[in-house]
Structures are given as C-alpha cells and as structure tokens.
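**Q** Just dropping this structure here.
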Amino acid sequence: MNDKNKQKLKNIKTLSEEEVKHIAKLANLSLSNEEVKKFQGQLSETLNFIQVLDELNTEKAEPTNHASGLSNIFRQDEIKPSISQAEALANAPSLSDGFFKVKAILERNDDEI
Amino acid sequence: MTKFNELTISDAQKKIIKGEISCRELVLDCLAKIKQTDEKVKAFVTLNSEKALSLADEEDKRLAFLKDTKQIGNLFRDYPLLGIPVAVKDNFSTKGLLTTASAKVLENYKPVFDASVVKKINDAGGIILGKTNMDAWAHGSSTESSDFFTTRNPWNLERLAGGSSGGSAAAVAADLTIAAIGSETAGSIRQPACWCGVVGMKPTYGRVSRYGVIAMASSTDSPGPITKSVSDAALMLGVIAGKDEADATSSPTSVPDYLTCLGEENKIKGIKIGVAKQYFLKGIDSEVEKNAYQAIKILEKAGAQIKEISLLDPKYAVAVYTVIQRSEVSSNLGRYDGIRFGHDRSYFKDEAKRRIMFGTYSLSAGYYDQYYKKAQKVRTLIGQDFEKAFKEVDLIIGPTSPCPALGIGATKEASMFGEMQDILLEASSVAGLPAISLPSGFSSEGLPTGIQIIGPSFSEEQIFKTAFIYEKIARWHERKPKL
C-alpha cells in the first residue's frame, strides 16, 4: 500500500452514535433511536465524500465568505415605520395579553427563594 | 388556436397592446389550464385565484382609459409586467398568502410582508398567480422532498421535475402560467429548467435581493426567472434586479436594459466561448452530450469562437458546496423557534434534519478549521480558477444536467442526490457567477436536455445575447409537452 492510500484509509471517518446524539442536542433536534442509526450512516457517508477537499493545497488561499466582494455596507440610522403589534403577533401559535407565550425554560426551585 | 396561457410574456404584451386580449382573459386561461392539468403535474402549493382576477380587472380598467396603442405601449415602459400572471416559488414571502417553503413546519404561515422580488413584480404590474412546490426549505434537486407532494415532469409524468424550483419550472413548461420565479443556491433554477425544457436564469450573486426569501444558504442564494424564452428571462431579470437597502449583499452595480442587447445577430461574432472537458464527465448521458456539442456547433456557425479550456474537477465544488450549504442551513434554521410563526422544531423532516446536523458538526469546535474553513479556502481556488478561464474566453458553455429527468423515486435514501445531480452547476454557484440554462434538444425518449452558458460576474447581457441567438436558431423552446 502506498502512502497516499494509507493516508486515505486513515482519513476514513465514522461518526459514533454518541456523536450523532451530541450533534442533535447542539442543533436542538430530537431523534428516535432509529433516526440516530440512520443519520449515523448518512452523515458519515457525507463526511467521507468531502475528504476530497484535502487533495487541494490551500496554504495560500484566503477563505471566501461570499462572492459579492462587498464589505461594510451601511445605511442611515433613521427610524422608519415597522409592522404593527397585531401583525407581529398574527402568526404566533400561542399568545398572552399581546405577548408571545413560550414554555418556561428555567425550573423553579421554591427552596431557593 | 393558441390558448392565452401558452403565450410568452412578450407575445402576451403584444396582444394586450393591440387590444386582442384582456388581462382577465390571460389569468382565466391560466387558471383553466391549472384546473385541467395541475392534478397531474402538481406544480402549485397555493393558488391566488381570486386576488389574481381582481388585480387583472384593475389592470384592464387602467388600460380602458387609454385611447391608442401608443399610449398603452408607453404604459408598458413603466409597468413591464402589466397583467402578466407569474407563479412564485413558495420560499418567497407573499403578504397574506401562505408561504410554506413546502415544509410542514411552515404549513400555516402567512407572512405580513412581501419579499423584495414579489414587491417588484407587483409594482411592475405583474399578477401573482400562486405559489409553487419545491423541495422543503429548498433542500434538494428533485421536488420529491417537498413535505406535501411530488411535482411531476410535464414531458413525462413518471419523471421528476427537478428542483428545488421544480414547481416553477413545471408550471412554465405545462403552460400553467406565463412566467415564474425560482431561486438557486446551486442548481435550483438551472436544473429544473433543464429537466422541464424551459429557460432558467441564475443571476450573479447579489444582482437580485434576497430579502424575504426564506433563507437556505445565504452566501449563494440567488432569485431568478424561469420562462418560456430567453427574452422573457431578460425582461423579468430587469424587473427584479437591483440594489435593495434590505439586503446588504445586493449589488449597487447599475442594472442594464437586458432586452435591448438582444436581437442583433452579428453581436456574437468573435465572442470567445470556452468548452471545458471537465464538464463533459465520464458517464454523462450520450444524448445530453451530443445535443450540447450540436449547440456548440450552432454557436460556432453563428460567429462565436470556440476554445477548449480546462477547469478544476467539479468534484471539488460539490464538496465545497456540501460543507458551506449545510453550515449555512444549520445557522439559518438553528434560529428557527416556532414561537412567532409556524410549528415547533419537531416538525422538521429527514432532509432538513440531516443538513442541519451536518452543518452543526462542520461548524462545531474542533472541526471548524478542518471542514468549514477548508471549504471556504477551496471556494477561493474555484473563484480564481474561473477568473483565469475568463482571461481566455468570454463565456463558458456545457451541459446543465448530466442526464435527462430521472424517474419518480430516484432520490429515496440517496443522501447526496442533489449534490450529484448538480455537479456541473455547483462551481459557478459557489463562485457567485451568472448562468443560464436553456433547452438543447430532446432525448430519444422525448425528454428535454439542456445547456448552460456561464459568464463572469455581472455579464448577464452577454449571456442573454448569446443564449438568444442560439434559441432563435435552434427553436427548441417552441415544442410543448402533450398534457
């Protein structure tokens, strides 16, 4: 086996079930056990597919964020009319007294009060 | 007799100016065709029938006030889409009209504002006919991953329409509308236009505002027209292009009159067109290849100078796109909470989950440099590769898709389907370049094949001019599917 192939073999990357679960948690997605298994295979497949990027030397290349070449686009800091409260709330699944209603994200612990 | 829904924008305009048809008749014929065939094609997610008809009546009243054809002709200068029905991809926000991006998560979402493109169409007198089906969130190249239903190819209902703007392309091909709007991140206008045998123009990144388009990969998202002819695409791009305060990446470069550059045949004499051998891949469909070479011959005969060039292997662009697109998807959809509109995150389907998760991984601590930054650097190399090529030639020509439309079901569990279908489109997309796809003929099975013409940034005029001359000689756009 030549060096190049050895390198390729070393680079083959498989995500573990734990990693898939961790990514899902970071992305705020809940997965069933079946989904974890399915995505484990598919995400690993995609990871291996993109290994071709390592074939190119990018030492001298600066990263491109977007292709427009524009930077520092400013506008006047003027107050302009925006949508009304009623419009802003029009699509909300849950409302309370003109506010968006959300589920509590912190647990209340009475002992600490 | 031609039904009015079969007209191009320019022919419909001529008939309106002469008083041969009313705007109402134009809308009615489109709605009738939709009623007759959209059960089979499934191009539309939502129709805007009543509003479209009332808008048409308003335009007809405005026209009735004008005495002669000259006055009416002048009106079209200010309102270039006056009375023209336009189908809009469902990821463009339309005020008060369902905008779902064909995703279950947004099935009940009615925006309270119009996307800038939609506003420009309305301001130009255009009539939004309805919203078209797409791959959910634009994550795909088949319209098979729509959370609602699969759009069928009007040339063969057992084939895919392509995607993600599959509904728009199918609606134009089936004459359900006069013209349509799509959006492309890497192939999503050109590939469905190619598979459905119509014209699709992906402008330079920043040429058309992204404001109000449900974000997919923000650094490459480019709205553009899907039409029945090159001159219709030129007219529509003129309407929707331009600087927009609401989109900081929209370009301040002035918008030329794309229509005036068409029509003079001698204008392509001496133009240098590059043919990259890397774009005639091993395994490319032989009829696609044959038709592309025939198109090149036609342009050569018309006065273009054909030159062989060399470009980076397109596999690198596919990998770059895979990383960048998923990273940007994870960032854009990471913010989605379902609190202000739509359902919660448990409604995301497989394709969206897969892309969000891959992007989350490639952006996460420890992998950012290895994947995301590396991809951005290779993106620079791809841009430089095109810059080098455009020192030798004015335009580059090649096939759009390596094959004609594939069968329904081809994407099932193929997690890289889109990337492989769009292999010839991704390099120009990540480099932000403009490109048009137009019909190059048909396969022996009667499916359309397509060619694309790619140019340097803001070379849309040159691209339109060349495409227009090819179209005028080849006339493939005159063929219609039997439905």
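Identifiers in the structure tokens: chain A, B, ... in order shown; residue index from 1 per chain; ligand index from 1 in order shown.
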Run DSSP on the backbone of this structure and report the residues of region 58-243 of chain B it assigns to strand (DSSP E), as a PyMOL selection string.
**A** chain B and resi 85-89+127-132+152-153+156-160+179-184+199-202+222-227
**Q** Which residues of chain B are close to chain A, meaning at most 6 Å apart when you count only C-alpha atoms, and how do they look as a PyMOL selection string?
**A** chain B and resi 219+248+319+340-341+376-377+380+431-432
**Q** Can I get the selection written as a CSV table (one decimal), in the first residue's frame, with C-alpha atoms?
**A**
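The result, stored in again.csv:
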chain,number,residue,atom,x,y,z
B,219,SER,CA,-23.9,33.2,0.7
B,248,ALA,CA,-26.7,44.3,2.4
B,319,ALA,CA,-17.6,19.1,-1.7
B,340,ARG,CA,-43.5,33.8,16.2
B,341,PHE,CA,-44.9,31.6,13.4
B,376,GLN,CA,-14.1,28.4,2.2
B,377,LYS,CA,-10.5,28.3,1.1
B,380,THR,CA,-11.4,30.9,-3.2
B,431,ALA,CA,-18.2,31.5,-7.3
B,432,GLY,CA,-21.4,33.6,-7.5
**Q** Which polymer residues have any atom within 10 Å of an atom of Leu363 (chain B), counting only C-alpha atoms, with same-chain residues fewer than 2 positions away left out, as a list in words?
**A**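 Once the adjacent positions are removed, what remains is Val323, Ile324, Arg326, Ser327, Glu328, Ser330, Ser331, Met357, Phe358, Gly359, Thr360, Tyr361, Ala365, Gly366, Tyr367, Tyr368, Asp369, Gln370, Tyr371, Tyr372 and Lys373 of chain B.
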**Q** Using DSSP on the backbone coordinates, identify the residues of region 53-235 of chain B assigned to alpha helix (DSSP H); present them as a PyMOL selection string.
**A** chain B and resi 53-64+69-78+116-123+166-173+190-196+230-235
**Q** I'd like the neighbourhood of region 470-478 of chain B as a PyMOL selection string, where a residue qualifies if any of its atoms comes within 7 Å (using only C-alpha atoms), though same-chain residues fewer than 5 positions away should be ignored.
**A** chain B and resi 198+228-229+298-299+439-441
**Q** Output N, CA, C and O atoms for every residue in the selection just made, as an mmCIF file, in the first residue's frame.
**A**
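Output contents, as saved in out_22.cif:
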data_model
loop_
_atom_site.group_PDB
_atom_site.id
_atom_site.type_symbol
_atom_site.label_atom_id
_atom_site.label_comp_id
_atom_site.auth_asym_id
_atom_site.auth_seq_id
_atom_site.Cartn_x
_atom_site.Cartn_y
_atom_site.Cartn_z
ATOM 1 N N VAL B 198 -37.341 24.340 -20.205
ATOM 2 C CA VAL B 198 -37.617 25.782 -20.253
ATOM 3 C C VAL B 198 -36.333 26.566 -19.964
ATOM 4 O O VAL B 198 -35.268 25.981 -19.784
ATOM 5 N N LYS B 228 -40.443 30.946 -20.693
ATOM 6 C CA LYS B 228 -40.594 30.171 -21.921
ATOM 7 C C LYS B 228 -39.607 30.610 -22.999
ATOM 8 O O LYS B 228 -39.509 29.973 -24.046
ATOM 9 N N SER B 229 -38.938 31.739 -22.803
ATOM 10 C CA SER B 229 -37.980 32.197 -23.810
ATOM 11 C C SER B 229 -36.880 33.007 -23.140
ATOM 12 O O SER B 229 -37.030 33.473 -22.007
ATOM 13 N N ILE B 298 -23.659 25.122 -33.428
ATOM 14 C CA ILE B 298 -24.574 26.180 -33.883
ATOM 15 C C ILE B 298 -23.997 27.550 -33.546
ATOM 16 O O ILE B 298 -23.992 28.457 -34.376
ATOM 17 N N LEU B 299 -23.483 27.684 -32.338
ATOM 18 C CA LEU B 299 -22.927 28.976 -31.930
ATOM 19 C C LEU B 299 -21.660 29.300 -32.733
ATOM 20 O O LEU B 299 -21.413 30.454 -33.087
ATOM 21 N N PRO B 439 -33.034 24.936 -23.327
ATOM 22 C CA PRO B 439 -33.186 23.637 -23.963
ATOM 23 C C PRO B 439 -32.188 23.444 -25.107
ATOM 24 O O PRO B 439 -31.942 24.358 -25.890
ATOM 25 N N SER B 440 -31.594 22.223 -25.166
ATOM 26 C CA SER B 440 -30.642 21.921 -26.241
ATOM 27 C C SER B 440 -31.167 20.807 -27.126
ATOM 28 O O SER B 440 -30.448 20.278 -27.961
ATOM 29 N N GLY B 441 -32.418 20.388 -26.915
ATOM 30 C CA GLY B 441 -32.982 19.304 -27.712
ATOM 31 C C GLY B 441 -33.701 18.306 -26.830
ATOM 32 O O GLY B 441 -34.059 18.627 -25.690
#
**Q** May I ask for the distance between CA of Ile72 (chain B) and CA of Glu25 (chain B), given in Å to one decimal place?
**A** 17.5 Å
